[in-house]
file query14.txt (compact mmCIF, C-alpha atoms)
# COMPACT_ATOMS: atom_id res chain seq x y z
CA MET A 1 0.75 -10.25 27.36
CA GLN A 2 3.82 -12.40 27.76
CA ILE A 3 7.00 -10.90 26.29
CA PRO A 4 7.72 -12.80 23.03
CA LYS A 5 10.30 -15.54 23.26
CA ARG A 6 10.27 -16.92 19.68
CA LEU A 7 10.80 -14.33 16.98
CA GLY A 8 10.41 -14.94 13.25
CA ILE A 9 12.09 -12.87 10.54
CA LEU A 10 11.65 -12.84 6.76
CA THR A 11 12.57 -10.79 3.71
CA SER A 12 9.91 -10.14 1.08
CA GLY A 13 9.68 -8.37 -2.25
CA GLY A 14 12.66 -7.57 -4.44
CA ASP A 15 16.10 -8.06 -2.94
CA CYS A 16 18.58 -5.26 -2.29
CA PRO A 17 21.92 -4.72 -0.56
CA GLY A 18 21.71 -4.44 3.22
CA LEU A 19 19.12 -7.12 3.94
CA ASN A 20 21.66 -9.44 5.54
CA ALA A 21 22.95 -6.62 7.72
CA ALA A 22 19.40 -6.10 8.98
CA ILE A 23 18.99 -9.83 9.65
CA ARG A 24 22.31 -9.79 11.50
CA ALA A 25 21.19 -6.87 13.68
CA VAL A 26 17.86 -8.49 14.54
CA VAL A 27 19.45 -11.81 15.45
CA SER A 28 22.28 -10.24 17.44
CA HIS A 29 20.05 -7.90 19.47
CA ALA A 30 17.27 -10.44 20.01
CA THR A 31 19.60 -13.20 21.18
CA LEU A 32 22.28 -11.24 23.04
CA SER A 33 20.08 -8.56 24.64
CA TYR A 34 16.85 -10.48 25.22
CA GLY A 35 17.78 -14.14 25.01
CA TRP A 36 15.09 -14.91 22.44
CA GLU A 37 15.03 -17.66 19.86
CA VAL A 38 15.05 -16.35 16.28
CA LEU A 39 13.71 -18.32 13.33
CA GLY A 40 14.42 -17.31 9.74
CA ILE A 41 11.48 -17.89 7.40
CA PRO A 42 12.79 -18.81 3.93
CA TYR A 43 11.17 -17.17 0.90
CA ALA A 44 8.70 -15.10 2.89
CA THR A 45 5.10 -16.28 2.65
CA GLU A 46 6.18 -19.49 0.91
CA GLY A 47 8.09 -20.42 4.06
CA LEU A 48 5.03 -19.75 6.21
CA LEU A 49 2.87 -21.71 3.80
CA GLU A 50 5.20 -24.70 3.98
CA ARG A 51 5.89 -24.31 7.74
CA LYS A 52 9.61 -23.96 7.07
CA ALA A 53 12.03 -22.19 9.39
CA VAL A 54 15.72 -22.27 10.24
CA ALA A 55 17.20 -21.39 13.61
CA LEU A 56 19.38 -18.29 13.51
CA ASN A 57 22.03 -17.26 16.03
CA VAL A 58 25.06 -15.01 16.04
CA HIS A 59 27.34 -17.98 15.34
CA GLY A 60 25.27 -19.57 12.59
CA LEU A 61 24.18 -16.86 10.19
CA ASP A 62 26.05 -18.35 7.23
CA MET A 63 23.23 -20.72 6.24
CA ARG A 64 24.51 -20.86 2.66
CA GLY A 65 28.15 -20.45 3.51
CA ILE A 66 27.75 -16.67 3.30
CA ASP A 67 29.74 -14.65 5.80
CA PRO A 68 30.28 -11.96 6.92
CA MET A 69 26.70 -10.74 6.91
CA LEU A 70 27.52 -7.04 6.85
CA SER A 71 29.22 -7.08 3.46
CA THR A 72 27.03 -9.55 1.59
CA GLY A 73 24.31 -8.42 -0.80
CA GLY A 74 20.99 -10.13 -1.39
CA THR A 75 19.34 -12.10 1.41
CA ILE A 76 20.34 -15.40 2.98
CA LEU A 77 16.65 -16.10 3.61
CA GLY A 78 15.59 -15.79 -0.02
CA SER A 79 12.65 -13.69 -1.13
CA ILE A 80 9.66 -13.60 -3.44
CA ASN A 81 7.94 -10.58 -4.95
CA ARG A 82 4.55 -12.02 -5.70
CA GLY A 83 1.58 -11.93 -3.38
CA PRO A 84 -0.19 -15.03 -2.10
CA THR A 85 -3.39 -16.21 -3.71
CA GLU A 86 -6.59 -15.89 -1.72
CA ALA A 87 -6.75 -19.67 -1.48
CA HIS A 88 -3.34 -19.78 0.22
CA ALA A 89 -3.93 -16.90 2.63
CA ALA A 90 -5.51 -19.07 5.34
CA ASP A 91 -2.66 -21.60 5.16
CA ILE A 92 -0.06 -18.82 5.38
CA ILE A 93 -1.81 -17.39 8.41
CA ALA A 94 -1.90 -20.84 9.97
CA GLY A 95 1.82 -21.25 9.25
CA TYR A 96 2.66 -18.39 11.63
CA HIS A 97 0.83 -20.16 14.44
CA ALA A 98 2.12 -23.61 13.51
CA LEU A 99 5.67 -22.32 13.91
CA GLU A 100 4.65 -21.03 17.35
CA LEU A 101 5.91 -17.55 16.64
CA ASP A 102 5.32 -14.88 19.25
CA ALA A 103 6.12 -12.11 16.77
CA LEU A 104 7.31 -11.64 13.20
CA ILE A 105 9.65 -9.03 11.75
CA SER A 106 9.20 -8.45 8.02
CA ILE A 107 11.79 -6.60 5.94
CA GLY A 108 9.98 -5.40 2.82
CA GLY A 109 8.85 -2.65 0.51
CA ASP A 110 5.46 -0.96 0.53
CA GLY A 111 3.76 -3.70 -1.50
CA SER A 112 4.97 -6.69 0.47
CA LEU A 113 4.49 -4.93 3.80
CA ALA A 114 0.90 -4.15 2.83
CA ILE A 115 0.27 -7.84 2.06
CA LEU A 116 1.82 -9.03 5.31
CA SER A 117 0.04 -6.33 7.30
CA GLN A 118 -3.29 -7.56 5.94
CA LEU A 119 -2.40 -11.16 6.79
CA ALA A 120 -1.39 -10.05 10.29
CA ARG A 121 -4.77 -8.40 10.87
CA GLN A 122 -6.63 -11.45 9.62
CA GLY A 123 -4.50 -13.94 11.52
CA ASN A 124 -3.87 -12.03 14.75
CA TRP A 125 -0.11 -11.89 14.18
CA ASN A 126 2.27 -9.66 16.10
CA LEU A 127 4.01 -7.93 13.20
CA VAL A 128 6.77 -5.30 12.96
CA GLY A 129 8.04 -3.96 9.63
CA ILE A 130 11.43 -2.74 8.38
CA PRO A 131 11.45 -0.72 5.12
CA LYS A 132 13.73 -1.69 2.24
CA THR A 133 13.71 -0.73 -1.42
CA ILE A 134 16.14 0.71 -3.94
CA ASP A 135 13.25 2.96 -5.07
CA ASN A 136 13.17 4.78 -1.70
CA ASP A 137 9.43 5.28 -2.09
CA VAL A 138 8.12 3.77 1.17
CA ALA A 139 5.95 6.37 2.89
CA LEU A 140 6.97 8.07 6.15
CA THR A 141 10.66 7.13 6.05
CA GLU A 142 13.37 9.33 4.60
CA SER A 143 15.52 6.39 3.58
CA SER A 144 15.01 2.67 3.06
CA ILE A 145 17.57 -0.13 3.15
CA GLY A 146 19.23 -0.64 -0.25
CA PHE A 147 18.69 2.82 -1.70
CA ASP A 148 22.11 4.27 -0.95
CA THR A 149 23.95 1.32 -2.48
CA ALA A 150 21.78 1.50 -5.60
CA VAL A 151 22.62 5.19 -5.96
CA ASN A 152 26.32 4.34 -5.74
CA THR A 153 25.91 1.66 -8.40
CA LEU A 154 24.14 4.16 -10.64
CA VAL A 155 26.88 6.74 -10.12
CA ASP A 156 29.52 4.18 -11.10
CA ALA A 157 27.59 3.39 -14.27
CA LEU A 158 27.29 7.08 -15.15
CA HIS A 159 31.02 7.56 -14.75
CA LYS A 160 31.75 4.64 -17.06
CA LEU A 161 29.27 5.85 -19.65
CA SER A 162 30.81 9.31 -19.56
CA TYR A 163 34.14 8.00 -20.83
CA THR A 164 32.65 6.20 -23.82
CA ALA A 165 30.33 9.14 -24.52
CA ALA A 166 33.30 11.52 -24.60
CA SER A 167 35.33 9.17 -26.79
CA HIS A 168 32.64 9.08 -29.49
CA ASP A 169 31.00 12.51 -28.99
CA ARG A 170 27.71 10.77 -28.26
CA VAL A 171 24.65 11.37 -26.15
CA MET A 172 24.37 8.42 -23.77
CA VAL A 173 20.92 7.73 -22.35
CA LEU A 174 20.77 5.55 -19.25
CA GLU A 175 17.50 4.07 -18.01
CA THR A 176 17.41 3.44 -14.28
CA MET A 177 15.00 1.66 -11.96
CA GLY A 178 12.71 3.43 -9.50
CA ARG A 179 9.15 2.44 -10.46
CA THR A 180 6.93 5.52 -10.17
CA ALA A 181 9.43 7.49 -8.07
CA GLY A 182 12.41 9.50 -9.28
CA HIS A 183 14.59 9.41 -6.13
CA LEU A 184 17.14 7.03 -7.62
CA ALA A 185 17.46 9.02 -10.85
CA LEU A 186 17.60 12.38 -9.08
CA GLN A 187 20.22 11.56 -6.46
CA GLY A 188 22.24 9.35 -8.79
CA GLY A 189 22.12 11.98 -11.51
CA ILE A 190 23.32 14.77 -9.24
CA ALA A 191 26.14 12.65 -7.81
CA GLY A 192 27.08 11.16 -11.19
CA GLY A 193 27.18 14.36 -13.20
CA ALA A 194 24.19 13.78 -15.48
CA ASP A 195 23.27 16.64 -17.80
CA VAL A 196 19.60 15.68 -18.00
CA ILE A 197 17.44 13.88 -15.39
CA LEU A 198 13.92 12.82 -16.39
CA MET A 199 11.57 11.64 -13.64
CA PRO A 200 7.93 10.52 -13.37
CA GLU A 201 7.04 13.47 -11.13
CA ILE A 202 8.07 16.29 -13.49
CA PRO A 203 6.85 16.84 -17.07
CA TYR A 204 9.52 17.32 -19.71
CA SER A 205 9.85 18.08 -23.39
CA ILE A 206 12.25 16.65 -25.93
CA GLU A 207 12.82 20.24 -27.04
CA GLY A 208 14.05 20.99 -23.54
CA VAL A 209 16.35 17.96 -23.57
CA CYS A 210 17.77 18.89 -26.98
CA ARG A 211 18.18 22.52 -25.92
CA GLN A 212 20.27 21.35 -22.97
CA ILE A 213 22.44 19.20 -25.26
CA SER A 214 22.94 22.10 -27.69
CA GLU A 215 23.85 24.51 -24.88
CA LEU A 216 26.47 22.10 -23.59
CA ARG A 217 28.07 22.13 -27.04
CA ASP A 218 27.69 25.82 -27.78
CA ARG A 219 28.53 27.26 -24.37
CA TRP A 220 31.00 24.78 -22.96
CA GLY A 221 32.27 22.95 -26.01
CA HIS A 222 31.06 19.59 -24.73
CA LYS A 223 30.46 17.23 -27.62
CA PHE A 224 28.76 14.60 -25.48
CA ALA A 225 26.00 14.49 -22.91
CA ILE A 226 24.57 12.12 -20.30
CA VAL A 227 20.80 11.76 -20.09
CA LEU A 228 19.41 9.81 -17.11
CA VAL A 229 15.82 8.55 -17.37
CA ALA A 230 13.80 6.93 -14.59
CA GLU A 231 11.92 3.86 -15.81
CA GLY A 232 8.60 5.37 -14.66
CA ALA A 233 8.96 8.56 -16.69
CA LYS A 234 6.22 9.03 -19.26
CA THR A 235 6.26 9.50 -23.01
CA LEU A 236 5.26 12.84 -24.53
CA SER A 237 1.68 11.58 -24.69
CA GLY A 238 1.71 10.73 -20.99
CA GLU A 239 2.04 6.96 -21.28
CA SER A 240 4.33 4.54 -19.46
CA ARG A 241 6.59 2.30 -21.51
CA GLU A 242 5.91 -1.30 -20.50
CA TYR A 243 6.22 -4.86 -21.67
CA ARG A 244 4.58 -8.12 -20.66
CA ASP A 245 6.94 -10.95 -19.76
CA ALA A 246 6.48 -14.68 -20.40
CA GLN A 247 4.60 -15.07 -17.11
CA GLY A 248 2.17 -12.34 -18.04
CA GLU A 249 3.60 -9.76 -15.63
CA VAL A 250 3.70 -6.15 -16.82
CA ARG A 251 7.13 -4.56 -16.35
CA LEU A 252 8.35 -1.01 -16.79
CA ARG A 253 10.98 -0.80 -19.51
CA GLY A 254 11.61 1.09 -22.70
CA ILE A 255 11.42 4.78 -21.81
CA GLY A 256 15.18 5.12 -22.34
CA GLU A 257 14.90 3.82 -25.89
CA TYR A 258 11.95 6.13 -26.49
CA VAL A 259 13.84 9.22 -25.30
CA THR A 260 16.87 8.22 -27.37
CA ASP A 261 14.78 7.92 -30.54
CA GLU A 262 13.06 11.26 -29.87
CA ILE A 263 16.40 13.01 -29.39
CA CYS A 264 17.63 11.69 -32.73
CA ARG A 265 14.37 12.65 -34.48
CA GLN A 266 14.35 16.23 -33.25
CA THR A 267 17.96 17.13 -33.88
CA ASN A 268 19.44 17.99 -37.24
CA ASN A 269 23.04 18.59 -36.23
CA GLY A 270 24.30 15.04 -36.38
CA ILE A 271 23.80 14.11 -32.74
CA GLU A 272 24.36 10.41 -32.22
CA ALA A 273 22.62 8.83 -29.23
CA ARG A 274 22.81 5.40 -27.60
CA VAL A 275 20.77 3.87 -24.79
CA SER A 276 21.70 1.53 -21.93
CA VAL A 277 19.36 -0.08 -19.38
CA LEU A 278 21.04 -0.63 -16.03
CA GLY A 279 18.30 -2.93 -14.74
CA HIS A 280 18.83 -5.42 -11.93
CA VAL A 281 22.52 -4.60 -11.59
CA GLN A 282 21.23 -1.91 -9.22
CA ARG A 283 19.85 -4.53 -6.85
CA GLY A 284 23.19 -6.27 -6.38
CA GLY A 285 26.59 -5.56 -4.97
CA ILE A 286 28.18 -5.00 -1.59
CA PRO A 287 26.05 -2.75 0.62
CA SER A 288 27.41 0.73 1.24
CA ALA A 289 28.52 1.86 4.68
CA PHE A 290 25.33 3.90 5.10
CA ASP A 291 23.10 0.96 4.15
CA ARG A 292 24.92 -1.23 6.67
CA VAL A 293 24.44 1.36 9.40
CA LEU A 294 20.81 2.01 8.44
CA ALA A 295 20.04 -1.72 8.36
CA SER A 296 21.66 -2.17 11.74
CA VAL A 297 19.80 0.65 13.50
CA LEU A 298 16.46 -0.30 11.94
CA GLY A 299 16.98 -3.96 12.84
CA LYS A 300 17.79 -3.04 16.42
CA GLY A 301 14.79 -0.71 16.53
CA ALA A 302 12.46 -3.43 15.24
CA VAL A 303 13.54 -5.80 18.02
CA ASP A 304 12.95 -3.07 20.60
CA LEU A 305 9.42 -2.57 19.27
CA VAL A 306 8.77 -6.28 19.77
CA ALA A 307 10.13 -6.07 23.32
CA GLN A 308 7.82 -3.11 23.98
CA GLU A 309 4.89 -5.03 22.46
CA GLN A 310 4.33 -2.26 19.92
CA PHE A 311 3.00 -4.34 17.07
CA GLY A 312 1.50 -3.27 13.78
CA ARG A 313 4.27 -0.70 13.39
CA MET A 314 7.24 -0.02 11.11
CA VAL A 315 10.61 1.40 12.12
CA VAL A 316 11.59 4.43 10.04
CA TRP A 317 14.48 6.87 9.59
CA GLN A 318 13.39 10.46 10.22
CA ASN A 319 15.59 13.48 10.90
CA GLY A 320 18.61 11.31 11.66
CA SER A 321 16.78 9.18 14.22
CA VAL A 322 14.96 5.85 14.39
CA ARG A 323 11.25 6.22 15.04
CA SER A 324 8.18 4.09 14.46
CA VAL A 325 4.94 4.65 12.60
CA SER A 326 1.73 2.70 12.13
CA LEU A 327 1.89 0.09 9.38
CA ASP A 328 -1.74 0.86 8.58
CA GLU A 329 -0.81 4.48 7.96
CA VAL A 330 2.13 3.48 5.75
CA CYS A 331 -0.09 1.17 3.70
CA ALA A 332 -2.82 3.79 3.38
CA ARG A 333 -0.49 6.40 1.95
CA SER A 334 0.69 6.78 -1.62
CA PRO A 335 4.32 5.98 -2.41
CA ARG A 336 6.80 8.67 -1.40
CA LEU A 337 7.66 10.67 -4.52
CA VAL A 338 10.13 13.38 -5.48
CA SER A 339 8.87 16.87 -4.65
CA PRO A 340 9.31 19.20 -7.65
CA GLU A 341 9.73 22.04 -5.12
CA GLY A 342 12.25 20.13 -3.00
CA ASP A 343 15.86 21.07 -2.30
CA LEU A 344 17.30 18.29 -4.47
CA VAL A 345 15.40 19.40 -7.56
CA GLN A 346 16.39 23.01 -6.94
CA THR A 347 20.01 21.92 -6.47
CA ALA A 348 19.96 20.02 -9.75
CA GLN A 349 18.66 23.13 -11.50
CA ALA A 350 21.31 25.29 -9.86
CA LEU A 351 23.96 22.92 -11.18
CA GLY A 352 22.68 23.41 -14.71
CA ILE A 353 20.93 20.04 -14.99
CA TYR A 354 17.73 19.90 -17.03
CA VAL A 355 15.08 18.20 -14.88
CA GLY A 356 11.98 19.02 -16.89
CA GLU A 357 9.44 21.81 -17.20
CA LEU A 358 8.88 22.81 -13.57
CA ASP A 359 6.50 25.63 -14.45
CA VAL A 360 4.03 23.18 -16.00
CA PRO A 361 1.50 21.43 -13.72
CA ALA A 362 2.25 17.73 -13.26
CA GLN A 363 -1.22 16.73 -14.47
CA VAL A 364 -0.65 18.37 -17.85
CA SER A 365 0.31 15.87 -20.54
CA THR A 366 3.86 16.30 -21.72
CA GLN A 367 2.49 16.31 -25.25
CA ASP A 368 1.11 19.76 -24.50
CA LEU A 369 4.55 21.10 -23.67
CA LEU A 370 5.38 21.65 -27.33
CA ALA A 371 2.79 24.40 -27.31
CA HIS A 372 3.86 25.70 -23.91

call {"tool": "encode", "arguments": {"input": "query14.txt", "output": "structure tokens"}}
result
Amino acid sequence: MQIPKRLGILTSGGDCPGLNAAIRAVVSHATLSYGWEVLGIPYATEGLLERKAVALNVHGLDMRGIDPMLSTGGTILGSINRGPTEAHAADIIAGYHALELDALISIGGDGSLAILSQLARQGNWNLVGIPKTIDNDVALTESSIGFDTAVNTLVDALHKLSYTAASHDRVMVLETMGRTAGHLALQGGIAGGADVILMPEIPYSIEGVCRQISELRDRWGHKFAIVLVAEGAKTLSGESREYRDAQGEVRLRGIGEYVTDEICRQTNNGIEARVSVLGHVQRGGIPSAFDRVLASVLGKGAVDLVAQEQFGRMVVWQNGSVRSVSLDEVCARSPRLVSPEGDLVQTAQALGIYVGELDVPAQVSTQDLLAH
């Protein structure tokens, strides 16, 4: 097979800090080290569908007047987080060939990478993936682009909430993103000094939450507390809190309000609680130093995979090194979740943080915890 000469790159799924640093690394390495032409595909599959592309080079990465690439959040290529319809799939596949691409690098989360991997199999594309998500739930990689910055944003929010909580002697409940994984809540909560961290992977009880709040007051004299809740955490009856938006999409939101109400219902000592939802603020901002480095090494690694003609693979971060794994294996696996037996959970416990009822099996409804 001829070594690829025209390389496409796109960003798909939700945006996050560090995407532009990854684009920068791909373009720099591909053009300076290999002399390839690099085409940016705007808005992922929409760009392929419409046969749109823009030439990228190390001197022309500021397509929207955005520079420098390392310190800019979001993505200069734009992104979409909805999958193509079956009717459009053939046209999207044809778009890859119409643009005369020899290979395509996709920067995406598990959902968008699964869609593009399927299109690649159907259309005989040469595809390499780079993982990104603030949820950090892509299988087989220890860290994804955007996660570290989102943790830092969460920590900043927790610090700010702590001051107002202390001023009013309140319990402040903060709902964070993360989908069905608790990585963002767990790491952000440890770093930000949360008193309670509730995650989808570990059952909890409101009695346990209120006991933690009471102990903070009785033992340490703290008249306020910070409760961090991952958006995918369940209610006491084991249900997710969701809403349907104007386009008919189901979104996770509302578990923070639920926990806040339950705290107020089950306490009789005048505890006042308020809830905040951090939301998409976590997707924005200047990428952290680690996200810039991670994006750079993964971008470089993706280009090397193309040069080695190792397609159908994703670059990953494992044990402090860049490696590659099969995209099919990534797509076949469940999202990477927090391990209740892991070091981070044990550390949180050792620091006196309530993280749930670890002695209760995860499949047991949290409603049953009241009798536990």

call {"tool": "closest_residue", "arguments": {"input": "query14.txt", "among": "A:Tyr258, A:Ile271, A:Ile202, A:Ala246", "to": "His168 (chain A)", "atoms": "only C-alpha atoms"}}
result
A:Ile271

call {"tool": "closest_residue", "arguments": {"input": "query14.txt", "among": "A:Gln349, A:Ser117, A:Ser326, A:Thr176", "to": "Asp135 (chain A)", "atoms": "only C-alpha atoms"}}
result
A:Thr176

call {"tool": "closest_residue", "arguments": {"input": "query14.txt", "among": "A:Ile93, A:Tyr354, A:Lys5, A:Arg179", "to": "Glu215 (chain A)", "atoms": "all atoms listed in the file"}}
result
A:Tyr354

call {"tool": "residues_around", "arguments": {"input": "query14.txt", "residues": "Gly284 (chain A)", "least_positions_apart": "6", "cutoff": "9 Å", "atoms": "all atoms listed in the file", "output": "CSV table (one decimal) with C-alpha atoms, in the frame of the given file"}}
result
chain,number,residue,atom,x,y,z
A,15,ASP,CA,16.1,-8.1,-2.9
A,16,CYS,CA,18.6,-5.3,-2.3
A,17,PRO,CA,21.9,-4.7,-0.6
A,73,GLY,CA,24.3,-8.4,-0.8
A,74,GLY,CA,21.0,-10.1,-1.4
A,149,THR,CA,24.0,1.3,-2.5
A,150,ALA,CA,21.8,1.5,-5.6
A,153,THR,CA,25.9,1.7,-8.4

call {"tool": "atom_distance", "arguments": {"input": "query14.txt", "atom1": "CA of Glu341 (chain A)", "atom2": "CA of Val229 (chain A)"}}
result
19.2 Å

call {"tool": "residues_around", "arguments": {"input": "query14.txt", "residues": "region 222-224 of chain A", "least_positions_apart": "3", "cutoff": "6 Å", "atoms": "only C-alpha atoms", "output": "VMD selection string"}}
result
chain A and resid 165 to 166 169 to 171 216 to 217

call {"tool": "atom_distance", "arguments": {"input": "query14.txt", "atom1": "CA of Phe147 (chain A)", "atom2": "CA of Ala181 (chain A)"}}
result
12.2 Å

call {"tool": "decode", "arguments": {"input": "query14.txt", "residues": "region 32-50 of chain A", "atoms": "N, CA, C and O atoms", "output": "short mmCIF file (atom, residue, chain, number, x, y, z; two decimals), in the first residue's frame"}}
result
data_model
loop_
_atom_site.label_atom_id
_atom_site.label_comp_id
_atom_site.auth_asym_id
_atom_site.auth_seq_id
_atom_site.Cartn_x
_atom_site.Cartn_y
_atom_site.Cartn_z
N LEU A 32 5.60 18.59 8.76
CA LEU A 32 7.04 18.80 8.96
C LEU A 32 7.84 17.51 8.89
O LEU A 32 8.95 17.49 8.36
N SER A 33 7.28 16.42 9.45
CA SER A 33 8.02 15.16 9.49
C SER A 33 7.81 14.29 8.26
O SER A 33 8.72 13.57 7.84
N TYR A 34 6.62 14.36 7.67
CA TYR A 34 6.30 13.47 6.55
C TYR A 34 6.03 14.19 5.24
O TYR A 34 5.98 13.56 4.18
N GLY A 35 5.79 15.49 5.31
CA GLY A 35 5.52 16.23 4.09
C GLY A 35 4.15 15.98 3.49
O GLY A 35 3.95 16.16 2.29
N TRP A 36 3.19 15.58 4.34
CA TRP A 36 1.85 15.28 3.85
C TRP A 36 1.00 16.55 3.76
O TRP A 36 1.28 17.55 4.42
N GLU A 37 -0.03 16.45 2.98
CA GLU A 37 -1.08 17.47 2.95
C GLU A 37 -2.13 17.10 3.99
O GLU A 37 -2.53 15.94 4.09
N VAL A 38 -2.59 18.09 4.77
CA VAL A 38 -3.59 17.84 5.80
C VAL A 38 -4.82 18.68 5.51
O VAL A 38 -4.74 19.90 5.34
N LEU A 39 -5.98 18.03 5.49
CA LEU A 39 -7.25 18.70 5.26
C LEU A 39 -8.10 18.63 6.53
O LEU A 39 -8.32 17.54 7.07
N GLY A 40 -8.57 19.75 7.00
CA GLY A 40 -9.51 19.78 8.12
C GLY A 40 -10.92 19.63 7.61
O GLY A 40 -11.34 20.33 6.68
N ILE A 41 -11.68 18.71 8.20
CA ILE A 41 -13.06 18.45 7.80
C ILE A 41 -13.98 19.18 8.78
O ILE A 41 -14.05 18.82 9.96
N PRO A 42 -14.67 20.25 8.36
CA PRO A 42 -15.49 21.01 9.29
C PRO A 42 -16.76 20.25 9.70
O PRO A 42 -17.41 19.61 8.87
N TYR A 43 -17.05 20.31 10.99
CA TYR A 43 -18.28 19.73 11.54
C TYR A 43 -18.44 18.25 11.23
O TYR A 43 -19.52 17.76 10.89
N ALA A 44 -17.31 17.55 11.32
CA ALA A 44 -17.30 16.08 11.31
C ALA A 44 -18.00 15.48 10.09
O ALA A 44 -17.66 15.81 8.96
N THR A 45 -19.00 14.64 10.34
CA THR A 45 -19.66 13.94 9.23
C THR A 45 -20.41 14.90 8.32
O THR A 45 -20.62 14.59 7.13
N GLU A 46 -20.82 16.06 8.84
CA GLU A 46 -21.47 17.04 7.96
C GLU A 46 -20.50 17.52 6.89
O GLU A 46 -20.88 17.74 5.74
N GLY A 47 -19.23 17.72 7.28
CA GLY A 47 -18.23 18.12 6.31
C GLY A 47 -18.01 17.07 5.25
O GLY A 47 -17.87 17.38 4.05
N LEU A 48 -17.98 15.80 5.66
CA LEU A 48 -17.83 14.72 4.68
C LEU A 48 -19.05 14.64 3.77
O LEU A 48 -18.93 14.42 2.56
N LEU A 49 -20.21 14.82 4.36
CA LEU A 49 -21.45 14.77 3.59
C LEU A 49 -21.47 15.85 2.51
O LEU A 49 -21.89 15.62 1.38
N GLU A 50 -20.98 17.04 2.87
CA GLU A 50 -21.01 18.18 1.95
C GLU A 50 -19.71 18.34 1.15
O GLU A 50 -19.55 19.30 0.41
#
